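First comes the structure, then the notes that go with it.
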Amino acid sequence: MTRKHLVIFVALLCIPRVLLAQSTMNTLVVHADAAKDTISKYIYGQFAEHLGHCIYEGLWVGENSAIPNTRGIRNDMVAALKKIRVPAIRWPGGCFADEYHWKDGVGPRTDRPKMVNSNWGGVTEDNSFGTHEFMDLCEQLGCEPVICGNIGSGTVKEMAEWVQYLTSDGDNPMTALRKKNGREKPWRVKFWCVGNETWGCGGIMSAEHYANELGRYSFFLKNYGDNALYKIASGGLPEDYSWTETLMKKWQSTDGWLQGYMSGYSLHFYTVKDWNRKGSATDFAENEWFTTLSKTLEMDTLVTKHSAVMDRYDAQRRIGLIVDEWGNWFDVEPGTNPGFLYQQNTLRDAMVAAVNLNVFHKHCSRVKLASIAQMVNVLQAMVLTRGNEIALTPTYYVFKMYSVHQEAALLPVDLRSESYTSGRDSIPALSVTASRDKEGRIHVSVANLHPTKAQNLRCELKGTTGSKVTGEIITAATMNAYNDFGKPEAVNIKPLTGAQMRNGILTVSIPAKSIVTLEVN
Ligand code: AHR
């Protein structure tokens with residue numbers, strides 16, 4: 001080694017590690033002058049199934065509970081969920097929907113028949129949370145119900161009567177029954193799922209068989225008064241594009257007498273690396289962090305490919321792609337009922353939420369509603385409960401931080417991102433989205449998927465005069481940090497410092513394993 005080489009070598013050794021761990025490569029162009037589509041608030045929907053402690057204990061404790069409640073619904077839960085502006089809740093399932101008979105869940109609670117919840121732990125379901133209780137929850141939260149009807153073990157008559165019970169004010173038996181049960185005025189119900197996973201727990205049907213059933217059921221689901229149902233058809237398995245083709249071919253028509261048989265088409269996709277070995281929600285190494293995130297990115301491929309099939313029949317994108325089940329599915333927490341799907345929620349879940357929401361934004365001209373599975377105590381939950389305590393999860397904080405994007409105009413972006421490599425595989429280190437709200441503020445959200453390396457970002461904002469930038473960040477000391485009962489929160493939203501705006505160029509360092517939202521005005 002020459003003296004010159006030695007000097008260079010020593011100089012390199014002297015560069016602080018923190019500088020070496022920073023990148024210089026990421027560039028983003030935000031086209032603030034090219035907004036076209038609106039990010040529907042319904043992309044921020046939730047899923048609440050009669051499963052484990054989602055409904056019972058999670059949302060519903062009953063009027064006589066010592067836990068403060070309003071007509072049986074937990075006050076702490078309503079207060080927490082209001083803060084993230086929940087726009088819609090899908091209920092009663094999931095697989096449960098196809099063994100649910102709604103008439104068992106109305107009328108005096110003491111008279112309601114019990115049933116066995118055969119999908120989820122074989123526990124007794126006493127039907128104390130039924131139609132009126134669910135609609136009360138939606139009213140307390142100010143959100144839309146998304147009701148999933150039973151095709152698998154129900155009948156056309158039963159489903160048609162449920163619509164009549166909920167939405168009709170006419171002189172008919174179901175309206176009379178609703179009034180007898182204490183609700184004079186009809187509710188408004190927009191979103192209606194005509195079956196759930198009909199390829200599996202919803203009836204094990206073929207695409208062709210379901211396409212016929214969809215017509216038969218849809219025909220009898222009437223619009224009463226000015227209530228207009230948005231009927232959501234069940235999709236196939238995540239990669240079953242031929243199911244999408246079959247449904248679109250038969251029901252693509254948005255004109256004439258076939259109009260409205262299928263307003264939306266459902267896609268379910270869970271982030272699971274191996275259904276036989278799903279892995280722990282909290283105890284994982286970096287390679288599992290990587291696999292989870294790279295699996296999550298498949299959502300983009302799925303949405304792109306299903307949209308392409310839908311485009312062939314509906315170029316104007318009038319039929320919505322409805323991602324009404326998504327999120328992480330890990331092993332249940334040790335010692336809990338395997339049928340209850342109770343899992344903790346870490347910074348990794350926050351990343352998965354941000355990446356999925358960024359994908360839904362990107363495709364918002366087609367994705368009109370989504371619901372994360374599930375809202376409370378099940379799978380990738382917003383909130384966990386233990387008796388009278390609640391813990392807000394890292395996923396909750398992403399929904400809170402991202403609520404600025406609801407009903408905002410999507411701003412197209414061009415991103416050049418560094419890679420995050422693990423073994424032989426690479427994914428982009430950054431996942432981004434940008435929007436402009438009704439007040440003209442621009443929000444740019446950036447997730448740095450790299451767990452150990454900060455990313456420098458240079459962002460050009462085209463077509464805006466905004467000169468002031470502020471920011472918020474979600475991160476933690478470790479990849480598997482989570483919020484536990486009775487302990488200070490390890491993951492929540494904090495102010496971000498260091499972002500700068502000069503001559504339309506925003507520069508910021510996005511710390512490793514963090515999600516940032518910048519506001520420019
Ligand atoms: O969310 C849990 C289950 O996953 C739902 O009941 C079902 O639709 C899906 O398979």
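Going through the structure tokens in order, the chains are called A, B, and so on, while each chain numbers its residues from 1 and the ligands are numbered from 1 in the order shown.
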
With only C-alpha atoms as the counted atoms, please give the residues lying no more than 9 Å from Gly264 of chain A, apart from itself and same-chain residues fewer than 6 positions off, as a tab-separated table (two decimals) with N, CA, C and O atoms, in the first residue's frame.
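The file below, out_27.tsv, is the result:
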chain	number	residue	atom	x	y	z
A	193	CYS	N	-71.99	-6.66	0.77
A	193	CYS	CA	-71.20	-7.74	0.15
A	193	CYS	C	-72.12	-8.91	-0.13
A	193	CYS	O	-72.75	-9.45	0.79
A	230	TYR	N	-74.64	-0.44	-2.95
A	230	TYR	CA	-73.41	-0.63	-3.74
A	230	TYR	C	-73.03	-2.08	-3.49
A	230	TYR	O	-72.51	-2.44	-2.43
A	231	LYS	N	-73.36	-2.95	-4.47
A	231	LYS	CA	-73.21	-4.39	-4.24
A	231	LYS	C	-71.81	-4.87	-4.59
A	231	LYS	O	-71.32	-4.63	-5.71
A	232	ILE	N	-71.19	-5.55	-3.63
A	232	ILE	CA	-69.80	-5.99	-3.79
A	232	ILE	C	-69.79	-7.50	-4.01
A	232	ILE	O	-70.26	-8.27	-3.17
A	233	ALA	N	-69.24	-7.90	-5.14
A	233	ALA	CA	-69.17	-9.33	-5.48
A	233	ALA	C	-67.95	-9.95	-4.83
A	233	ALA	O	-66.91	-9.31	-4.67
A	234	SER	N	-68.08	-11.24	-4.49
A	234	SER	CA	-66.94	-11.96	-3.92
A	234	SER	C	-65.93	-12.29	-5.01
A	234	SER	O	-66.30	-12.78	-6.09
A	318	ARG	N	-65.80	2.17	-13.49
A	318	ARG	CA	-66.99	2.43	-12.68
A	318	ARG	C	-67.19	1.35	-11.63
A	318	ARG	O	-67.84	1.57	-10.62
A	319	ILE	N	-66.64	0.16	-11.89
A	319	ILE	CA	-66.72	-0.92	-10.89
A	319	ILE	C	-65.47	-0.84	-10.01
A	319	ILE	O	-64.35	-0.80	-10.51
A	320	GLY	N	-65.69	-0.77	-8.71
A	320	GLY	CA	-64.56	-0.59	-7.80
A	320	GLY	C	-63.88	-1.91	-7.46
A	320	GLY	O	-64.54	-2.95	-7.35
A	321	LEU	N	-62.56	-1.88	-7.28
A	321	LEU	CA	-61.86	-3.03	-6.71
A	321	LEU	C	-61.86	-2.80	-5.21
A	321	LEU	O	-61.41	-1.73	-4.73
A	322	ILE	N	-62.40	-3.76	-4.48
A	322	ILE	CA	-62.65	-3.58	-3.05
A	322	ILE	C	-61.75	-4.55	-2.28
A	322	ILE	O	-61.98	-5.76	-2.29
A	368	LYS	N	-61.71	1.46	-4.45
A	368	LYS	CA	-62.68	2.42	-3.89
A	368	LYS	C	-62.97	2.17	-2.42
A	368	LYS	O	-63.57	3.02	-1.75
A	369	LEU	N	-62.63	1.01	-1.93
A	369	LEU	CA	-62.85	0.70	-0.52
A	369	LEU	C	-61.87	-0.39	-0.13
A	369	LEU	O	-61.53	-1.24	-0.96

10 Å contact set for Asn117 of chain A, only C-alpha atoms, chain neighbours under 5 positions out, as number ranges by chain: A: 50-52, 95-96, 99-100, 122-126

Neighbours of ligand 1 within 7 Å, counting only C-alpha atoms and all ligand atoms, as a list in words?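 If we count only C-alpha atoms and all ligand atoms, the neighbours of ligand 1 turn out to be Glu49, Gly93, Gly94, Cys95, Phe96, Asn196, Glu197, Glu325, Ala373 and Gln374 of chain A.
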
For Thr271 of chain A, which residue out of A:Gly149, A:Pro338, A:Trp199, A:Met351 is the nearest one, using only C-alpha atoms?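 Checking each candidate against Thr271 of chain A, we get A:Met351 as the closest.
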
Among the residues of segment 234-474 of chain A, find those DSSP assigns to helix (DSSP H, G or I) from the backbone and print them as number ranges by chain. A: 241-251, 256-258, 286-296, 298-313, 338-340, 347-362, 394-405

Who sits within 6 Å of segment 511-520 of chain A, only C-alpha atoms, same chain under 6 positions skipped, as a PyMOL selection string: chain A and resi 441-454+466+468-475

Residue selection dump (N, CA, C and O atoms) as a PDB file, in the first residue's frame:
ATOM      1  N   ARG A 441     -53.116  21.897   1.253  1.00  0.00           N
ATOM      2  CA  ARG A 441     -51.866  21.408   1.861  1.00  0.00           C
ATOM      3  C   ARG A 441     -51.434  20.130   1.164  1.00  0.00           C
ATOM      4  O   ARG A 441     -52.259  19.272   0.847  1.00  0.00           O
ATOM      5  N   ILE A 442     -50.129  20.018   0.966  1.00  0.00           N
ATOM      6  CA  ILE A 442     -49.597  18.795   0.347  1.00  0.00           C
ATOM      7  C   ILE A 442     -49.026  17.905   1.437  1.00  0.00           C
ATOM      8  O   ILE A 442     -48.319  18.392   2.337  1.00  0.00           O
ATOM      9  N   HIS A 443     -49.367  16.624   1.378  1.00  0.00           N
ATOM     10  CA  HIS A 443     -48.814  15.662   2.328  1.00  0.00           C
ATOM     11  C   HIS A 443     -48.041  14.598   1.562  1.00  0.00           C
ATOM     12  O   HIS A 443     -48.574  13.997   0.626  1.00  0.00           O
ATOM     13  N   VAL A 444     -46.804  14.415   1.961  1.00  0.00           N
ATOM     14  CA  VAL A 444     -45.973  13.374   1.357  1.00  0.00           C
ATOM     15  C   VAL A 444     -45.644  12.382   2.466  1.00  0.00           C
ATOM     16  O   VAL A 444     -45.053  12.767   3.484  1.00  0.00           O
ATOM     17  N   SER A 445     -46.065  11.133   2.297  1.00  0.00           N
ATOM     18  CA  SER A 445     -45.742  10.102   3.292  1.00  0.00           C
ATOM     19  C   SER A 445     -44.680   9.181   2.716  1.00  0.00           C
ATOM     20  O   SER A 445     -44.779   8.752   1.558  1.00  0.00           O
ATOM     21  N   VAL A 446     -43.669   8.901   3.508  1.00  0.00           N
ATOM     22  CA  VAL A 446     -42.545   8.073   3.061  1.00  0.00           C
ATOM     23  C   VAL A 446     -42.260   7.014   4.119  1.00  0.00           C
ATOM     24  O   VAL A 446     -42.063   7.347   5.292  1.00  0.00           O
ATOM     25  N   ALA A 447     -42.224   5.756   3.697  1.00  0.00           N
ATOM     26  CA  ALA A 447     -41.813   4.684   4.611  1.00  0.00           C
ATOM     27  C   ALA A 447     -40.425   4.232   4.203  1.00  0.00           C
ATOM     28  O   ALA A 447     -40.192   3.927   3.026  1.00  0.00           O
ATOM     29  N   ASN A 448     -39.513   4.228   5.150  1.00  0.00           N
ATOM     30  CA  ASN A 448     -38.173   3.684   4.902  1.00  0.00           C
ATOM     31  C   ASN A 448     -38.151   2.253   5.423  1.00  0.00           C
ATOM     32  O   ASN A 448     -38.101   2.000   6.634  1.00  0.00           O
ATOM     33  N   LEU A 449     -38.179   1.306   4.480  1.00  0.00           N
ATOM     34  CA  LEU A 449     -38.280  -0.107   4.833  1.00  0.00           C
ATOM     35  C   LEU A 449     -36.966  -0.667   5.361  1.00  0.00           C
ATOM     36  O   LEU A 449     -36.936  -1.754   5.941  1.00  0.00           O
ATOM     37  N   HIS A 450     -35.886   0.065   5.119  1.00  0.00           N
ATOM     38  CA  HIS A 450     -34.574  -0.436   5.547  1.00  0.00           C
ATOM     39  C   HIS A 450     -34.463  -0.336   7.070  1.00  0.00           C
ATOM     40  O   HIS A 450     -34.650   0.742   7.631  1.00  0.00           O
ATOM     41  N   PRO A 451     -34.137  -1.444   7.728  1.00  0.00           N
ATOM     42  CA  PRO A 451     -34.168  -1.400   9.190  1.00  0.00           C
ATOM     43  C   PRO A 451     -32.937  -0.785   9.838  1.00  0.00           C
ATOM     44  O   PRO A 451     -32.950  -0.488  11.029  1.00  0.00           O
ATOM     45  N   THR A 452     -31.856  -0.579   9.045  1.00  0.00           N
ATOM     46  CA  THR A 452     -30.641  -0.062   9.678  1.00  0.00           C
ATOM     47  C   THR A 452     -30.054   1.161   8.973  1.00  0.00           C
ATOM     48  O   THR A 452     -29.062   1.711   9.439  1.00  0.00           O
ATOM     49  N   LYS A 453     -30.616   1.556   7.869  1.00  0.00           N
ATOM     50  CA  LYS A 453     -29.985   2.623   7.105  1.00  0.00           C
ATOM     51  C   LYS A 453     -30.944   3.782   6.830  1.00  0.00           C
ATOM     52  O   LYS A 453     -31.999   3.587   6.206  1.00  0.00           O
ATOM     53  N   ALA A 454     -30.572   4.962   7.281  1.00  0.00           N
ATOM     54  CA  ALA A 454     -31.384   6.151   6.980  1.00  0.00           C
ATOM     55  C   ALA A 454     -31.292   6.443   5.483  1.00  0.00           C
ATOM     56  O   ALA A 454     -30.314   6.077   4.828  1.00  0.00           O
ATOM     57  N   GLY A 466     -45.682  26.152  -2.244  1.00  0.00           N
ATOM     58  CA  GLY A 466     -45.485  25.861  -0.816  1.00  0.00           C
ATOM     59  C   GLY A 466     -44.032  26.076  -0.399  1.00  0.00           C
ATOM     60  O   GLY A 466     -43.109  25.691  -1.113  1.00  0.00           O
ATOM     61  N   LYS A 468     -43.187  26.058   3.283  1.00  0.00           N
ATOM     62  CA  LYS A 468     -42.986  25.690   4.683  1.00  0.00           C
ATOM     63  C   LYS A 468     -43.233  24.183   4.842  1.00  0.00           C
ATOM     64  O   LYS A 468     -44.208  23.658   4.300  1.00  0.00           O
ATOM     65  N   VAL A 469     -42.351  23.518   5.550  1.00  0.00           N
ATOM     66  CA  VAL A 469     -42.542  22.071   5.729  1.00  0.00           C
ATOM     67  C   VAL A 469     -42.478  21.709   7.208  1.00  0.00           C
ATOM     68  O   VAL A 469     -41.643  22.211   7.950  1.00  0.00           O
ATOM     69  N   THR A 470     -43.418  20.856   7.609  1.00  0.00           N
ATOM     70  CA  THR A 470     -43.382  20.278   8.955  1.00  0.00           C
ATOM     71  C   THR A 470     -43.530  18.774   8.787  1.00  0.00           C
ATOM     72  O   THR A 470     -43.931  18.305   7.715  1.00  0.00           O
ATOM     73  N   GLY A 471     -43.204  18.033   9.831  1.00  0.00           N
ATOM     74  CA  GLY A 471     -43.278  16.582   9.662  1.00  0.00           C
ATOM     75  C   GLY A 471     -43.592  15.833  10.940  1.00  0.00           C
ATOM     76  O   GLY A 471     -43.439  16.350  12.047  1.00  0.00           O
ATOM     77  N   GLU A 472     -44.039  14.585  10.742  1.00  0.00           N
ATOM     78  CA  GLU A 472     -44.310  13.670  11.860  1.00  0.00           C
ATOM     79  C   GLU A 472     -43.644  12.348  11.533  1.00  0.00           C
ATOM     80  O   GLU A 472     -43.479  12.005  10.355  1.00  0.00           O
ATOM     81  N   ILE A 473     -43.320  11.593  12.564  1.00  0.00           N
ATOM     82  CA  ILE A 473     -42.627  10.322  12.336  1.00  0.00           C
ATOM     83  C   ILE A 473     -43.149   9.234  13.275  1.00  0.00           C
ATOM     84  O   ILE A 473     -43.491   9.509  14.421  1.00  0.00           O
ATOM     85  N   ILE A 474     -43.206   8.008  12.720  1.00  0.00           N
ATOM     86  CA  ILE A 474     -43.470   6.819  13.541  1.00  0.00           C
ATOM     87  C   ILE A 474     -42.234   5.946  13.425  1.00  0.00           C
ATOM     88  O   ILE A 474     -41.854   5.543  12.308  1.00  0.00           O
ATOM     89  N   THR A 475     -41.568   5.680  14.527  1.00  0.00           N
ATOM     90  CA  THR A 475     -40.436   4.763  14.523  1.00  0.00           C
ATOM     91  C   THR A 475     -40.231   4.255  15.945  1.00  0.00           C
ATOM     92  O   THR A 475     -41.033   4.568  16.833  1.00  0.00           O
TER      93      THR A 475
END

Would you return as a list in words the members of segment 158-335 of chain A that DSSP assigns to strand (DSSP E) on this structure's backbone?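 Strand (DSSP E) members of segment 158-335 of chain A, listed: Phe191, Trp192, Cys193, Val194, Tyr230, Lys231, Ile232, Ala233, Gly264, Tyr265, Ser266, Leu267, His268, Phe269, Tyr270, Thr271, Gly320, Leu321, Ile322, Val323, Asp324, Glu325, Trp326, Gly327 and Asn328 of chain A.
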
Restricting it to N, CA, C and O atoms, dump the selection as a JSON list (two decimals), in the first residue's frame.
[["chain", "number", "residue", "atom", "x", "y", "z"],
["A", 191, "PHE", "N", -73.02, -0.02, 1.40],
["A", 191, "PHE", "CA", -72.16, -1.13, 0.96],
["A", 191, "PHE", "C", -72.72, -2.48, 1.39],
["A", 191, "PHE", "O", -72.97, -2.71, 2.58],
["A", 192, "TRP", "N", -72.87, -3.37, 0.42],
["A", 192, "TRP", "CA", -73.44, -4.69, 0.71],
["A", 192, "TRP", "C", -72.60, -5.77, 0.00],
["A", 192, "TRP", "O", -72.52, -5.79, -1.24],
["A", 193, "CYS", "N", -71.99, -6.66, 0.77],
["A", 193, "CYS", "CA", -71.20, -7.74, 0.15],
["A", 193, "CYS", "C", -72.12, -8.91, -0.13],
["A", 193, "CYS", "O", -72.75, -9.45, 0.79],
["A", 194, "VAL", "N", -72.19, -9.31, -1.39],
["A", 194, "VAL", "CA", -73.06, -10.43, -1.77],
["A", 194, "VAL", "C", -72.22, -11.71, -1.65],
["A", 194, "VAL", "O", -71.77, -12.28, -2.63],
["A", 230, "TYR", "N", -74.64, -0.44, -2.95],
["A", 230, "TYR", "CA", -73.41, -0.63, -3.74],
["A", 230, "TYR", "C", -73.03, -2.08, -3.49],
["A", 230, "TYR", "O", -72.51, -2.44, -2.43],
["A", 231, "LYS", "N", -73.36, -2.95, -4.47],
["A", 231, "LYS", "CA", -73.21, -4.39, -4.24],
["A", 231, "LYS", "C", -71.81, -4.87, -4.59],
["A", 231, "LYS", "O", -71.32, -4.63, -5.71],
["A", 232, "ILE", "N", -71.19, -5.55, -3.63],
["A", 232, "ILE", "CA", -69.80, -5.99, -3.79],
["A", 232, "ILE", "C", -69.79, -7.50, -4.01],
["A", 232, "ILE", "O", -70.26, -8.27, -3.17],
["A", 233, "ALA", "N", -69.24, -7.90, -5.14],
["A", 233, "ALA", "CA", -69.17, -9.33, -5.48],
["A", 233, "ALA", "C", -67.95, -9.95, -4.83],
["A", 233, "ALA", "O", -66.91, -9.31, -4.67],
["A", 264, "GLY", "N", -68.99, -3.32, -7.04],
["A", 264, "GLY", "CA", -67.62, -3.51, -6.60],
["A", 264, "GLY", "C", -67.25, -4.98, -6.67],
["A", 264, "GLY", "O", -68.12, -5.86, -6.69],
["A", 265, "TYR", "N", -65.97, -5.24, -6.74],
["A", 265, "TYR", "CA", -65.46, -6.61, -6.85],
["A", 265, "TYR", "C", -64.35, -6.79, -5.81],
["A", 265, "TYR", "O", -63.42, -5.99, -5.75],
["A", 266, "SER", "N", -64.48, -7.84, -5.00],
["A", 266, "SER", "CA", -63.62, -7.96, -3.82],
["A", 266, "SER", "C", -62.33, -8.75, -4.05],
["A", 266, "SER", "O", -62.32, -9.75, -4.76],
["A", 267, "LEU", "N", -61.27, -8.25, -3.45],
["A", 267, "LEU", "CA", -59.97, -8.95, -3.43],
["A", 267, "LEU", "C", -59.52, -9.06, -1.99],
["A", 267, "LEU", "O", -59.54, -8.08, -1.25],
["A", 268, "HIS", "N", -59.16, -10.28, -1.57],
["A", 268, "HIS", "CA", -58.60, -10.49, -0.23],
["A", 268, "HIS", "C", -57.15, -10.91, -0.38],
["A", 268, "HIS", "O", -56.85, -11.83, -1.16],
["A", 269, "PHE", "N", -56.27, -10.26, 0.35],
["A", 269, "PHE", "CA", -54.86, -10.68, 0.32],
["A", 269, "PHE", "C", -54.21, -10.39, 1.67],
["A", 269, "PHE", "O", -54.12, -9.24, 2.11],
["A", 270, "TYR", "N", -53.78, -11.47, 2.32],
["A", 270, "TYR", "CA", -53.09, -11.34, 3.60],
["A", 270, "TYR", "C", -51.59, -11.46, 3.38],
["A", 270, "TYR", "O", -51.13, -12.21, 2.51],
["A", 271, "THR", "N", -50.83, -10.73, 4.21],
["A", 271, "THR", "CA", -49.37, -10.88, 4.18],
["A", 271, "THR", "C", -49.00, -12.08, 5.04],
["A", 271, "THR", "O", -49.02, -12.00, 6.27],
["A", 320, "GLY", "N", -65.69, -0.77, -8.71],
["A", 320, "GLY", "CA", -64.56, -0.59, -7.80],
["A", 320, "GLY", "C", -63.88, -1.91, -7.46],
["A", 320, "GLY", "O", -64.54, -2.95, -7.35],
["A", 321, "LEU", "N", -62.56, -1.88, -7.28],
["A", 321, "LEU", "CA", -61.86, -3.03, -6.71],
["A", 321, "LEU", "C", -61.86, -2.80, -5.21],
["A", 321, "LEU", "O", -61.41, -1.73, -4.73],
["A", 322, "ILE", "N", -62.40, -3.76, -4.48],
["A", 322, "ILE", "CA", -62.65, -3.58, -3.05],
["A", 322, "ILE", "C", -61.75, -4.55, -2.28],
["A", 322, "ILE", "O", -61.98, -5.76, -2.29],
["A", 323, "VAL", "N", -60.71, -4.02, -1.66],
["A", 323, "VAL", "CA", -59.76, -4.91, -0.95],
["A", 323, "VAL", "C", -60.26, -5.04, 0.49],
["A", 323, "VAL", "O", -59.73, -4.40, 1.41],
["A", 324, "ASP", "N", -61.30, -5.87, 0.66],
["A", 324, "ASP", "CA", -61.98, -5.82, 1.96],
["A", 324, "ASP", "C", -61.47, -6.80, 2.99],
["A", 324, "ASP", "O", -62.11, -6.99, 4.04],
["A", 325, "GLU", "N", -60.30, -7.40, 2.75],
["A", 325, "GLU", "CA", -59.55, -8.09, 3.81],
["A", 325, "GLU", "C", -58.08, -8.01, 3.44],
["A", 325, "GLU", "O", -57.68, -8.49, 2.37],
["A", 326, "TRP", "N", -57.28, -7.39, 4.30],
["A", 326, "TRP", "CA", -55.84, -7.31, 4.08],
["A", 326, "TRP", "C", -55.15, -7.14, 5.42],
["A", 326, "TRP", "O", -55.76, -6.72, 6.40],
["A", 327, "GLY", "N", -53.86, -7.45, 5.44],
["A", 327, "GLY", "CA", -53.07, -7.23, 6.65],
["A", 327, "GLY", "C", -52.20, -8.43, 6.98],
["A", 327, "GLY", "O", -52.21, -9.45, 6.29],
["A", 328, "ASN", "N", -51.44, -8.29, 8.06],
["A", 328, "ASN", "CA", -50.55, -9.36, 8.51],
["A", 328, "ASN", "C", -51.31, -10.46, 9.23],
["A", 328, "ASN", "O", -52.23, -10.18, 10.00]]

Between atom CA of Ala381 of chain A and atom CA of Lys41 of chain A, distance in Å (one decimal):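 Rounded to one decimal, the two atoms are 18.6 Å apart.
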
Of the listed residues A:Val106, A:Ala97, A:Ala281, A:Leu415, that which approaches Met159 of chain A most closely, counting only C-alpha atoms: A:Ala97
